[in-house]
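J.: So I've got this file, structure.csv, and it contains CSV, C-alpha atoms:
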chain,number,residue,atom,x,y,z
A,1,MET,CA,0.0,0.0,0.0
A,2,ASN,CA,1.3,3.5,-0.9
A,3,ASN,CA,2.0,5.9,1.9
A,4,ASN,CA,2.2,9.3,0.4
A,5,THR,CA,2.3,12.5,2.5
A,6,ILE,CA,2.2,16.0,1.2
A,7,ILE,CA,3.3,18.8,3.6
A,8,ILE,CA,2.4,22.3,2.7
A,9,GLY,CA,4.6,24.9,4.4
A,10,ALA,CA,8.3,24.4,5.2
A,11,GLY,CA,8.4,26.5,8.4
A,12,ARG,CA,9.6,25.1,11.7
A,13,MET,CA,6.5,22.9,12.1
A,14,GLY,CA,6.5,21.7,8.5
A,15,SER,CA,10.2,20.9,8.5
A,16,SER,CA,10.0,19.0,11.8
A,17,ILE,CA,7.1,16.9,10.6
A,18,ALA,CA,8.9,16.2,7.3
A,19,ARG,CA,12.0,14.9,9.3
A,20,SER,CA,9.8,12.9,11.6
A,21,LEU,CA,7.9,11.2,8.7
A,22,ASN,CA,11.0,10.9,6.5
A,23,ASN,CA,11.6,7.2,6.9
A,24,ARG,CA,8.0,6.1,7.4
A,25,SER,CA,6.3,7.7,4.4
A,26,ASN,CA,7.0,9.1,0.9
A,27,VAL,CA,7.1,12.7,1.8
A,28,MET,CA,6.7,15.8,-0.5
A,29,VAL,CA,7.2,19.3,1.0
A,30,ILE,CA,5.9,22.3,-0.8
A,31,ASP,CA,6.6,25.9,0.0
A,32,LYS,CA,6.3,29.2,-2.0
A,33,ASN,CA,9.8,30.1,-0.7
A,34,GLY,CA,12.4,27.9,-2.4
A,35,GLU,CA,15.1,29.1,0.1
A,36,LYS,CA,13.2,27.5,3.0
A,37,LEU,CA,13.2,24.2,1.1
A,38,SER,CA,17.0,24.4,0.5
A,39,ARG,CA,17.5,24.9,4.3
A,40,LEU,CA,15.6,21.6,5.1
A,41,GLN,CA,18.1,19.5,7.1
A,42,ASP,CA,18.2,15.8,7.9
A,43,TYR,CA,15.5,15.2,5.3
A,44,SER,CA,15.8,13.2,2.1
A,45,GLY,CA,12.3,13.3,0.7
A,46,PHE,CA,10.9,15.3,-2.3
A,47,VAL,CA,10.5,19.1,-2.4
A,48,GLU,CA,8.7,21.5,-4.7
A,49,ALA,CA,8.9,25.3,-4.8
A,50,GLY,CA,5.4,26.6,-5.6
A,51,ASP,CA,2.1,28.0,-4.4
A,52,ALA,CA,0.0,25.1,-3.0
A,53,THR,CA,-3.2,27.1,-3.4
A,54,GLU,CA,-2.8,26.6,-7.2
A,55,ILE,CA,-4.4,23.4,-8.4
A,56,ARG,CA,-1.7,23.0,-11.0
A,57,ILE,CA,1.0,22.7,-8.3
A,58,LEU,CA,-1.1,20.4,-6.2
A,59,GLU,CA,-1.6,18.1,-9.1
A,60,LYS,CA,2.0,18.3,-10.1
A,61,VAL,CA,3.1,17.0,-6.7
A,62,GLY,CA,0.6,14.1,-6.9
A,63,ILE,CA,-2.4,15.2,-4.8
A,64,ARG,CA,-4.5,12.6,-6.5
A,65,GLU,CA,-2.3,9.8,-5.1
A,66,ALA,CA,-1.8,11.4,-1.7
A,67,ASP,CA,-2.9,9.5,1.5
A,68,ARG,CA,-2.6,12.5,3.8
A,69,VAL,CA,-2.0,16.2,3.5
A,70,ILE,CA,-0.6,18.4,6.3
A,71,ALA,CA,-1.2,22.2,5.7
A,72,VAL,CA,1.0,24.1,8.1
A,73,THR,CA,1.5,27.5,6.4
A,74,ASP,CA,1.7,30.6,8.6
A,75,ASP,CA,-1.7,31.7,7.4
A,76,ASP,CA,-4.8,30.1,9.1
A,77,ASN,CA,-7.1,31.2,6.3
A,78,ILE,CA,-4.9,29.5,3.7
A,79,ASN,CA,-4.8,26.3,5.8
A,80,ILE,CA,-8.6,26.3,6.2
A,81,PHE,CA,-9.0,26.8,2.4
A,82,LEU,CA,-6.5,24.0,1.7
A,83,ALA,CA,-8.4,21.6,4.0
A,84,ASP,CA,-11.6,22.2,2.0
A,85,LEU,CA,-9.9,22.0,-1.3
A,86,CYS,CA,-8.1,18.8,-0.5
A,87,THR,CA,-11.0,17.0,1.2
A,88,LYS,CA,-13.8,18.2,-1.1
A,89,VAL,CA,-12.2,18.2,-4.5
A,90,TYR,CA,-9.5,15.5,-4.1
A,91,GLY,CA,-11.2,13.3,-1.4
A,92,ILE,CA,-8.2,13.3,1.0
A,93,LYS,CA,-9.3,11.3,4.0
A,94,GLU,CA,-6.4,12.2,6.4
A,95,MET,CA,-6.1,16.0,6.6
A,96,TYR,CA,-4.2,18.0,9.2
A,97,ILE,CA,-4.0,21.8,9.5
A,98,LYS,CA,-2.3,24.2,11.8
A,99,LEU,CA,-4.4,27.0,13.3
A,100,LYS,CA,-2.9,29.8,15.3
A,101,ASP,CA,-6.4,31.0,16.2
A,102,SER,CA,-8.1,27.9,17.6
A,103,ARG,CA,-11.5,29.6,17.6
A,104,LYS,CA,-11.5,29.1,13.8
A,105,ARG,CA,-11.8,25.4,14.4
A,106,LYS,CA,-15.5,25.8,14.5
A,107,ILE,CA,-15.7,26.4,10.8
A,108,VAL,CA,-13.5,23.5,9.9
A,109,ASP,CA,-15.0,20.1,8.9
A,110,GLU,CA,-14.9,17.8,11.9
A,111,ARG,CA,-13.0,15.1,9.9
A,112,VAL,CA,-10.0,17.5,9.6
A,113,VAL,CA,-7.5,17.4,12.5
A,114,CYS,CA,-6.6,20.9,13.7
A,115,ILE,CA,-3.2,21.3,15.4
A,116,CYS,CA,-3.4,24.5,17.6
A,117,PRO,CA,0.0,25.3,19.1
A,118,PHE,CA,-1.6,27.8,21.6
A,119,ASP,CA,-4.1,25.2,22.9
A,120,LEU,CA,-1.4,22.5,23.1
A,121,SER,CA,0.9,24.8,25.2
A,122,LEU,CA,-2.0,25.9,27.5
A,123,ASN,CA,-3.1,22.3,28.0
A,124,PHE,CA,0.4,21.3,28.8
A,125,PHE,CA,0.7,24.1,31.3
A,126,GLU,CA,-2.6,23.2,32.9
A,127,GLU,CA,-1.7,19.5,33.1
A,128,GLU,CA,1.7,20.3,34.8
A,129,HIS,CA,0.0,22.8,37.1
A,130,ARG,CA,-2.6,20.1,38.1
A,131,LYS,CA,0.2,17.6,38.9
A,132,GLU,CA,2.0,20.2,41.1
A,133,VAL,CA,-1.2,21.0,43.0
A,134,ALA,CA,-1.9,17.3,43.5
A,135,GLU,CA,1.6,16.7,44.9
B,1,MET,CA,-32.8,43.4,3.5
B,2,LYS,CA,-29.9,43.0,5.9
B,3,VAL,CA,-26.5,43.4,4.1
B,4,VAL,CA,-23.1,42.9,5.7
B,5,ILE,CA,-20.1,44.6,4.1
B,6,ALA,CA,-16.8,43.2,5.3
B,7,ASP,CA,-13.5,45.0,4.6
B,8,GLY,CA,-12.7,46.7,1.3
B,9,TYR,CA,-12.1,50.4,0.6
B,10,HIS,CA,-13.5,52.1,-2.4
B,11,GLU,CA,-15.5,49.0,-3.3
B,12,ALA,CA,-17.1,49.0,0.2
B,13,ASP,CA,-17.9,52.7,-0.2
B,14,TYR,CA,-19.6,52.0,-3.5
B,15,ILE,CA,-21.6,49.1,-2.2
B,16,ILE,CA,-22.7,51.1,0.9
B,17,ASN,CA,-23.8,53.9,-1.4
B,18,LEU,CA,-26.0,51.4,-3.4
B,19,PHE,CA,-27.7,49.9,-0.4
B,20,ASN,CA,-27.8,52.8,2.1
B,21,ASP,CA,-31.5,53.6,2.2
B,22,HIS,CA,-34.5,52.9,4.5
B,23,LYS,CA,-35.2,49.6,2.8
B,24,ASN,CA,-31.9,48.0,3.9
B,25,ASP,CA,-30.2,47.3,7.2
B,26,LEU,CA,-26.5,47.8,6.6
B,27,VAL,CA,-23.8,46.3,8.8
B,28,VAL,CA,-20.2,47.5,8.0
B,29,ILE,CA,-17.1,46.0,9.5
B,30,ASN,CA,-13.5,46.8,8.6
B,31,GLU,CA,-10.2,45.9,10.0
B,32,ASP,CA,-8.5,49.2,9.2
B,33,GLU,CA,-9.2,52.1,11.5
B,34,SER,CA,-8.6,54.9,8.9
B,35,ILE,CA,-10.9,53.2,6.4
B,36,CYS,CA,-13.6,52.8,9.2
B,37,HIS,CA,-13.5,56.6,9.6
B,38,TYR,CA,-13.6,57.2,5.9
B,39,LEU,CA,-16.6,54.9,5.3
B,40,SER,CA,-18.4,56.2,8.3
B,41,ASN,CA,-17.9,59.9,7.5
B,42,ASN,CA,-18.6,59.5,3.8
B,43,ASN,CA,-21.9,57.6,4.3
B,44,ASP,CA,-23.1,58.8,7.7
B,45,ILE,CA,-23.4,55.3,9.1
B,46,PRO,CA,-21.7,53.5,12.0
B,47,VAL,CA,-18.7,51.3,11.0
B,48,MET,CA,-17.3,48.8,13.4
B,49,GLN,CA,-13.5,48.2,13.5
B,50,GLY,CA,-12.9,44.4,13.7
B,51,ARG,CA,-11.8,41.3,11.9
B,52,CYS,CA,-14.3,39.8,9.5
B,53,THR,CA,-12.9,36.3,10.0
B,54,ARG,CA,-13.6,36.4,13.7
B,55,GLU,CA,-17.0,35.2,14.9
B,56,SER,CA,-17.0,37.4,18.0
B,57,ASP,CA,-16.2,40.6,16.0
B,58,LEU,CA,-18.9,39.8,13.5
B,59,LYS,CA,-21.5,39.2,16.3
B,60,GLU,CA,-20.5,42.4,18.0
B,61,ALA,CA,-21.1,44.3,14.7
B,62,GLY,CA,-24.6,42.6,14.5
B,63,ALA,CA,-23.9,40.5,11.4
B,64,GLN,CA,-26.1,37.6,12.4
B,65,ASP,CA,-28.9,36.4,10.2
B,66,CYS,CA,-28.1,38.6,7.2
B,67,ASP,CA,-29.6,38.2,3.8
B,68,ILE,CA,-26.3,38.9,2.0
B,69,PHE,CA,-22.7,38.9,3.3
B,70,ILE,CA,-20.2,40.5,1.1
B,71,ALA,CA,-16.4,40.0,1.7
B,72,LEU,CA,-14.3,42.7,-0.1
B,73,SER,CA,-10.8,42.4,1.3
B,74,GLU,CA,-7.8,42.1,-1.1
B,75,ASP,CA,-6.9,38.7,0.4
B,76,ASP,CA,-8.9,35.9,-1.4
B,77,TYR,CA,-8.5,33.5,1.5
B,78,LYS,CA,-9.5,36.0,4.1
B,79,ASN,CA,-12.7,36.5,2.1
B,80,TYR,CA,-13.2,32.7,1.8
B,81,VAL,CA,-12.9,32.3,5.6
B,82,ALA,CA,-15.1,35.3,6.3
B,83,CYS,CA,-17.8,33.9,4.1
B,84,LYS,CA,-17.5,30.5,5.7
B,85,THR,CA,-17.8,32.0,9.2
B,86,ALA,CA,-20.8,34.0,8.2
B,87,LYS,CA,-22.5,31.0,6.6
B,88,LYS,CA,-21.7,28.4,9.2
B,89,LEU,CA,-21.8,30.4,12.5
B,90,LEU,CA,-23.9,33.5,11.8
B,91,ASN,CA,-26.6,32.0,9.6
B,92,ALA,CA,-26.0,34.2,6.5
B,93,LYS,CA,-28.4,33.3,3.7
B,94,ARG,CA,-26.1,34.2,0.8
B,95,CYS,CA,-22.4,34.9,0.7
B,96,VAL,CA,-20.4,36.8,-1.9
B,97,ALA,CA,-16.6,36.7,-2.0
B,98,THR,CA,-14.5,38.9,-4.2
B,99,VAL,CA,-11.2,37.5,-5.4
B,100,ILE,CA,-8.1,38.9,-7.0
B,101,ASN,CA,-7.0,35.5,-8.6
B,102,PRO,CA,-9.4,34.6,-11.4
B,103,LYS,CA,-8.6,30.9,-10.9
B,104,ASN,CA,-10.2,31.1,-7.5
B,105,VAL,CA,-13.6,31.8,-9.0
B,106,ARG,CA,-14.4,28.2,-9.9
B,107,ILE,CA,-12.6,26.6,-6.9
B,108,PHE,CA,-14.4,28.8,-4.3
B,109,LYS,CA,-17.8,28.0,-5.9
B,110,ASP,CA,-17.0,24.3,-6.1
B,111,ILE,CA,-16.2,24.2,-2.3
B,112,GLY,CA,-19.2,26.1,-1.1
B,113,ILE,CA,-19.2,29.9,-1.6
B,114,ASP,CA,-22.5,31.0,-3.1
B,115,MET,CA,-21.2,33.7,-5.4
B,116,VAL,CA,-17.6,34.6,-6.3
B,117,VAL,CA,-16.8,37.9,-8.1
B,118,CYS,CA,-13.5,38.7,-9.8
B,119,SER,CA,-13.0,41.8,-12.0
B,120,THR,CA,-10.3,40.1,-14.1
B,121,TYR,CA,-12.5,37.0,-14.6
B,122,LEU,CA,-15.4,39.2,-15.8
B,123,LEU,CA,-13.1,41.1,-18.1
B,124,GLY,CA,-11.9,37.9,-19.6
B,125,GLU,CA,-15.4,36.6,-20.2
B,126,GLN,CA,-16.4,39.9,-21.8
B,127,ILE,CA,-13.4,39.8,-24.2
B,128,ARG,CA,-14.0,36.2,-25.0
B,129,ASN,CA,-17.7,37.0,-25.8
B,130,LEU,CA,-16.6,39.9,-28.0
B,131,THR,CA,-13.9,38.0,-29.9
B,132,SER,CA,-15.4,34.5,-30.2
B,133,ILE,CA,-18.6,35.6,-31.9
B,134,GLU,CA,-17.4,38.4,-34.0
B,135,ASN,CA,-19.4,41.2,-32.4
B,136,MET,CA,-22.6,39.6,-33.7
B,137,VAL,CA,-23.9,38.5,-30.3
B,138,ASN,CA,-24.2,40.2,-27.0
B,139,SER,CA,-24.7,37.9,-24.1
B,140,LEU,CA,-25.6,38.1,-20.4
B,141,THR,CA,-25.6,35.3,-17.9
B,142,LEU,CA,-27.9,35.1,-15.0
B,143,ASP,CA,-28.6,32.8,-12.0
B,144,ASP,CA,-25.0,31.8,-11.4
B,145,GLU,CA,-24.2,31.3,-15.1
B,146,LYS,CA,-27.1,28.8,-15.6
B,147,ILE,CA,-29.2,31.1,-17.8
B,148,SER,CA,-27.9,33.0,-20.8
B,149,ILE,CA,-29.7,35.9,-22.6
B,150,LEU,CA,-28.4,36.4,-26.2
B,151,GLU,CA,-29.0,39.5,-28.3
B,152,ILE,CA,-28.2,38.4,-31.9
B,153,ARG,CA,-27.8,40.9,-34.7
B,154,VAL,CA,-29.0,39.5,-38.1
B,155,THR,CA,-26.7,40.6,-40.8
B,156,GLU,CA,-26.8,40.1,-44.6
B,157,GLY,CA,-26.4,36.6,-46.0
B,158,LEU,CA,-27.3,34.6,-42.9
B,159,ASP,CA,-29.3,31.4,-43.3
B,160,VAL,CA,-32.1,32.5,-40.9
B,161,GLU,CA,-32.8,35.6,-42.9
B,162,GLY,CA,-36.3,35.4,-44.5
B,163,LYS,CA,-37.3,32.4,-42.4
B,164,THR,CA,-40.1,32.3,-39.8
B,165,LEU,CA,-39.4,31.2,-36.2
B,166,ALA,CA,-41.3,28.0,-36.9
B,167,ASP,CA,-38.9,27.3,-39.8
B,168,ILE,CA,-35.8,27.9,-37.7
B,169,ASN,CA,-37.4,25.9,-34.9
B,170,ILE,CA,-35.1,26.4,-31.8
B,171,SER,CA,-37.9,25.7,-29.3
B,172,ASP,CA,-36.0,22.8,-27.8
B,173,LEU,CA,-33.0,25.0,-27.2
B,174,GLY,CA,-34.5,28.3,-26.1
B,175,THR,CA,-37.1,30.9,-26.4
B,176,VAL,CA,-37.1,34.0,-28.7
B,177,SER,CA,-38.4,36.7,-26.4
B,178,SER,CA,-38.5,39.7,-28.7
B,179,ILE,CA,-37.3,41.1,-32.0
B,180,THR,CA,-36.2,44.7,-32.3
B,181,ARG,CA,-36.8,46.1,-35.8
B,182,ASN,CA,-36.3,49.7,-36.8
B,183,GLY,CA,-36.3,50.7,-33.1
B,184,LYS,CA,-39.7,48.9,-32.4
B,185,THR,CA,-40.1,45.8,-30.3
B,186,ILE,CA,-42.0,42.9,-31.7
B,187,ILE,CA,-43.2,40.1,-29.4
B,188,PRO,CA,-42.9,37.2,-31.9
B,189,ASN,CA,-44.8,34.0,-32.6
B,190,GLY,CA,-44.0,31.1,-34.8
B,191,GLN,CA,-45.0,33.0,-38.0
B,192,SER,CA,-42.8,36.0,-37.3
B,193,MET,CA,-40.1,36.3,-39.9
B,194,ILE,CA,-36.5,37.2,-39.3
B,195,ILE,CA,-35.1,39.9,-41.6
B,196,GLU,CA,-31.7,41.7,-42.0
B,197,GLY,CA,-31.1,44.3,-39.3
B,198,ASP,CA,-33.2,42.6,-36.7
B,199,LYS,CA,-32.0,42.2,-33.1
B,200,VAL,CA,-33.3,38.9,-31.8
B,201,LEU,CA,-33.4,38.4,-28.0
B,202,ILE,CA,-33.2,34.8,-26.9
B,203,VAL,CA,-33.3,33.2,-23.5
B,204,THR,CA,-31.5,29.9,-23.2
B,205,THR,CA,-29.4,27.7,-21.0
B,206,MET,CA,-25.6,27.8,-20.9
B,207,GLU,CA,-25.4,24.4,-22.5
B,208,ASN,CA,-27.5,25.4,-25.5
B,209,LYS,CA,-26.0,28.9,-26.0
B,210,ASP,CA,-23.4,27.8,-28.5
B,211,LYS,CA,-25.9,25.7,-30.5
B,212,ILE,CA,-28.2,28.7,-30.9
B,213,ILE,CA,-25.3,30.9,-31.9
B,214,GLU,CA,-24.3,28.3,-34.4
B,215,ILE,CA,-27.8,28.2,-36.0
B,216,PHE,CA,-27.9,32.0,-36.2
B,217,LYS,CA,-24.4,32.4,-37.6
B,218,ARG,CA,-24.8,29.9,-40.4
B,219,LYS,CA,-24.4,31.5,-43.8
B,220,LYS,CA,-26.8,30.8,-46.7
For this file, produce the structure as structure tokens.

T.:
Amino acid sequence: MNNNTIIIGAGRMGSSIARSLNNRSNVMVIDKNGEKLSRLQDYSGFVEAGDATEIRILEKVGIREADRVIAVTDDDNINIFLADLCTKVYGIKEMYIKLKDSRKRKIVDERVVCICPFDLSLNFFEEEHRKEVAE
Amino acid sequence: MKVVIADGYHEADYIINLFNDHKNDLVVINEDESICHYLSNNNDIPVMQGRCTRESDLKEAGAQDCDIFIALSEDDYKNYVACKTAKKLLNAKRCVATVINPKNVRIFKDIGIDMVVCSTYLLGEQIRNLTSIENMVNSLTLDDEKISILEIRVTEGLDVEGKTLADINISDLGTVSSITRNGKTIIPNGQSMIIEGDKVLIVTTMENKDKIIEIFKRKK
């Protein structure tokens, strides 16, 4: 069975996910900024410099054969748009997006997994604080 | 009618001007403070400063249950998310997104925005209409490009010239609504004859538009 992952956005989160999946999946990283792609370290998968909001680019990198897409650009609005585009037009079943503003989760389809760094940090703090109080 | 106008500058000013009367309830929200002042002073209406992609700001502005939500920012994806928020969380009946990138017109429609407007896209369609049918036909599309209204000018040497509508028989493809002849409008029936100089107005569907043009363009 194929195991193809497309990561959109080669910022810190996108690069780290690319490295983490490197040996477990066929990974393609897309970013508008080709320089960011050339700075990717400890990663031996595919890269493509281009705008992933363009259907032409998504099809060029094999969106039709992708098993999962991870949209982690710096723009929440673009990530939400990409989630709808990939799930509704290309039928991607496993879709992850980054949201800086977790309140926007309410307009995202429930099958899409939202990664909200702010909420994760807050939950971590609350969990640690609870442990301290319990001790 | 309750109309929400989100972001935009001169476009917002123009739309406010169109709808600013006692028949409409206008809600205007804009992220930029100086544009808020400009729109408010120019049109003598309150304008709320806030983000049109944020549910709480839209609620504070009073954007719930609107009839039309219009997103006019210069960022296509901001307009997409604003429309989605209005539709999903604020019960907007109809959403309109403006886009800069003409390729987004089809995509936004396909993934759920009611109406998408792009000036470059419209310009392209106009030019295509002008060039593809050699100035003989004016066309207008309605109902989200499902209905087409054609105005066909009958020139010398066309096959339809001298024939009645019953002879031409396009009833399966569309309806001839009127014929303009020497400045007068004729409501036609099957026995009405087409002559040189007529302007024939036809209502049809987008699928049948090209077939009708083909019939009317055919030379003798």

J.: Rounded to one decimal in Å, what is the spacing between atom CA of Lys88 of chain B and atom CA of Val117 of chain B?

T.: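 Separating atom CA of Lys88 of chain B from atom CA of Val117 of chain B is a distance of 20.3 Å.
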
J.: Considering only C-alpha atoms, give me a table of residues in chain A that are at most 7 Å from chain B, with the closest atom pair and distance in Å for each, as a Markdown table.

T.:
| residue | atom | partner | partner_atom | distance |
| --- | --- | --- | --- | --- |
| A:Asn77 | CA | B:Tyr77 | CA | 5.5 |
| A:Ile78 | CA | B:Tyr77 | CA | 5.8 |
| A:Phe81 | CA | B:Tyr77 | CA | 6.8 |
| A:Asp84 | CA | B:Ile111 | CA | 6.6 |
| A:Leu85 | CA | B:Ile111 | CA | 6.7 |
| A:Lys88 | CA | B:Ile111 | CA | 6.6 |
| A:Ile107 | CA | B:Thr85 | CA | 6.2 |

J.: The residues within 8 Å of (-27.3, 41.9, 8.6), using all atoms listed in the file and the coordinates of the file, should be reported as a list in words; which are they?

T.: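 Within the cut-off we find Met1, Lys2, Val3, Val4, Asp25, Leu26, Val27, Gly62, Ala63, Gln64, Asp65, Cys66, Asp67, Ile68 and Phe69 of chain B.
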
J.: In Å to one decimal, how far is atom CA of Ile195 of chain B from atom CA of Glu214 of chain B?

T.: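 Atom-to-atom, atom CA of Glu214 of chain B and atom CA of Ile195 of chain B are spaced 17.4 Å apart.
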
J.: In Å, rounded to a single decimal, give me how far atom CA of Ser16 of chain A is from atom CA of Arg111 of chain A.

T.: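 A separation of 23.4 Å between them.
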
J.: Using all atoms listed in the file, determine which residues lie at most 10 Å from Ile168 of chain B, disregarding the query and same-chain residues fewer than 4 positions distant; provide the list as a list in words.

T.: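 Using all atoms listed in the file, the neighbours found are Asp159, Val160, Glu161, Lys163, Thr164, Gly190, Met193, Ile194, Ile215 and Phe216 of chain B.
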
J.: Just checking: using all atoms listed in the file, which residue out of A:Thr73, A:Ser25, A:Thr53, A:Ser15 ends up closest to Leu37 of chain A?

T.: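 Counting all atoms listed in the file, the residue closest to Leu37 of chain A is A:Ser15.
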
J.: Could you tell me which of B:Ala97, B:Val28, B:Leu173, B:Leu158 comes closest to Ala6 of chain B if we count all atoms listed in the file?

T.: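 Comparing B:Ala97, B:Val28, B:Leu173, B:Leu158 against Ala6 of chain B, the winner is B:Val28.
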
J.: Contacts of Cys86 of chain A at 12 Å or less, counting all atoms listed in the file, minus same-chain residues fewer than 2 places along, as a JSON list (two decimals) with C-alpha atoms, in the frame of the given file?

T.:
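Result written to part.json:
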[["chain", "number", "residue", "atom", "x", "y", "z"],
["A", 6, "ILE", "CA", 2.20, 16.00, 1.20],
["A", 8, "ILE", "CA", 2.40, 22.30, 2.70],
["A", 52, "ALA", "CA", 0.00, 25.10, -3.00],
["A", 53, "THR", "CA", -3.20, 27.10, -3.40],
["A", 54, "GLU", "CA", -2.80, 26.60, -7.20],
["A", 55, "ILE", "CA", -4.40, 23.40, -8.40],
["A", 58, "LEU", "CA", -1.10, 20.40, -6.20],
["A", 59, "GLU", "CA", -1.60, 18.10, -9.10],
["A", 62, "GLY", "CA", 0.60, 14.10, -6.90],
["A", 63, "ILE", "CA", -2.40, 15.20, -4.80],
["A", 64, "ARG", "CA", -4.50, 12.60, -6.50],
["A", 65, "GLU", "CA", -2.30, 9.80, -5.10],
["A", 66, "ALA", "CA", -1.80, 11.40, -1.70],
["A", 67, "ASP", "CA", -2.90, 9.50, 1.50],
["A", 68, "ARG", "CA", -2.60, 12.50, 3.80],
["A", 69, "VAL", "CA", -2.00, 16.20, 3.50],
["A", 70, "ILE", "CA", -0.60, 18.40, 6.30],
["A", 71, "ALA", "CA", -1.20, 22.20, 5.70],
["A", 78, "ILE", "CA", -4.90, 29.50, 3.70],
["A", 79, "ASN", "CA", -4.80, 26.30, 5.80],
["A", 80, "ILE", "CA", -8.60, 26.30, 6.20],
["A", 81, "PHE", "CA", -9.00, 26.80, 2.40],
["A", 82, "LEU", "CA", -6.50, 24.00, 1.70],
["A", 83, "ALA", "CA", -8.40, 21.60, 4.00],
["A", 84, "ASP", "CA", -11.60, 22.20, 2.00],
["A", 88, "LYS", "CA", -13.80, 18.20, -1.10],
["A", 89, "VAL", "CA", -12.20, 18.20, -4.50],
["A", 90, "TYR", "CA", -9.50, 15.50, -4.10],
["A", 91, "GLY", "CA", -11.20, 13.30, -1.40],
["A", 92, "ILE", "CA", -8.20, 13.30, 1.00],
["A", 93, "LYS", "CA", -9.30, 11.30, 4.00],
["A", 94, "GLU", "CA", -6.40, 12.20, 6.40],
["A", 95, "MET", "CA", -6.10, 16.00, 6.60],
["A", 96, "TYR", "CA", -4.20, 18.00, 9.20],
["A", 97, "ILE", "CA", -4.00, 21.80, 9.50],
["A", 109, "ASP", "CA", -15.00, 20.10, 8.90],
["A", 112, "VAL", "CA", -10.00, 17.50, 9.60],
["B", 107, "ILE", "CA", -12.60, 26.60, -6.90],
["B", 110, "ASP", "CA", -17.00, 24.30, -6.10],
["B", 111, "ILE", "CA", -16.20, 24.20, -2.30]]

J.: Nearest to Asp57 of chain B among B:Gly174, B:Ile45, B:Ile29, B:Cys36, with distances taken over only C-alpha atoms: which residue is it?

T.: B:Ile29

J.: Of the residues B:Ile113, B:Thr204, B:Lys184, B:Tyr121, which is the one nearest to Lys93 of chain B, using only C-alpha atoms?

T.: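 Once distances to Lys93 of chain B are computed over only C-alpha atoms, the minimum belongs to B:Ile113.
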
J.: Which residues are close to Ser102 of chain A, i.e. within 10 Å by all atoms listed in the file, leaving aside same-chain residues fewer than 3 positions away? Reply as a list in words.

T.: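 Skipping anything fewer than 3 positions along the chain leaves Asp76, Lys98, Leu99, Arg105, Lys106, Cys114, Ile115, Cys116, Pro117, Phe118 and Asp119 of chain A.
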
J.: Pick the closest to Gly11 of chain A from A:Ile57, A:Ile30, A:Leu122, A:Val113: which is it, counting all atoms listed in the file?

T.: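 Counting all atoms listed in the file, the residue closest to Gly11 of chain A is A:Ile30.
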
J.: Counting only C-alpha atoms, which residues have an atom no more than 8 Å from (-7.2, 40.0, -7.8) in the file's coordinates? Please list them as a PyMOL selection string.

T.: chain B and resi 74+76+99-102+118-120

J.: Determine the nearest neighbour of Thr185 of chain B from the options B:Val105, B:Leu140, B:Val200, B:Met115, counting only C-alpha atoms.

T.: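 Smallest separation from Thr185 of chain B among the options: B:Val200.
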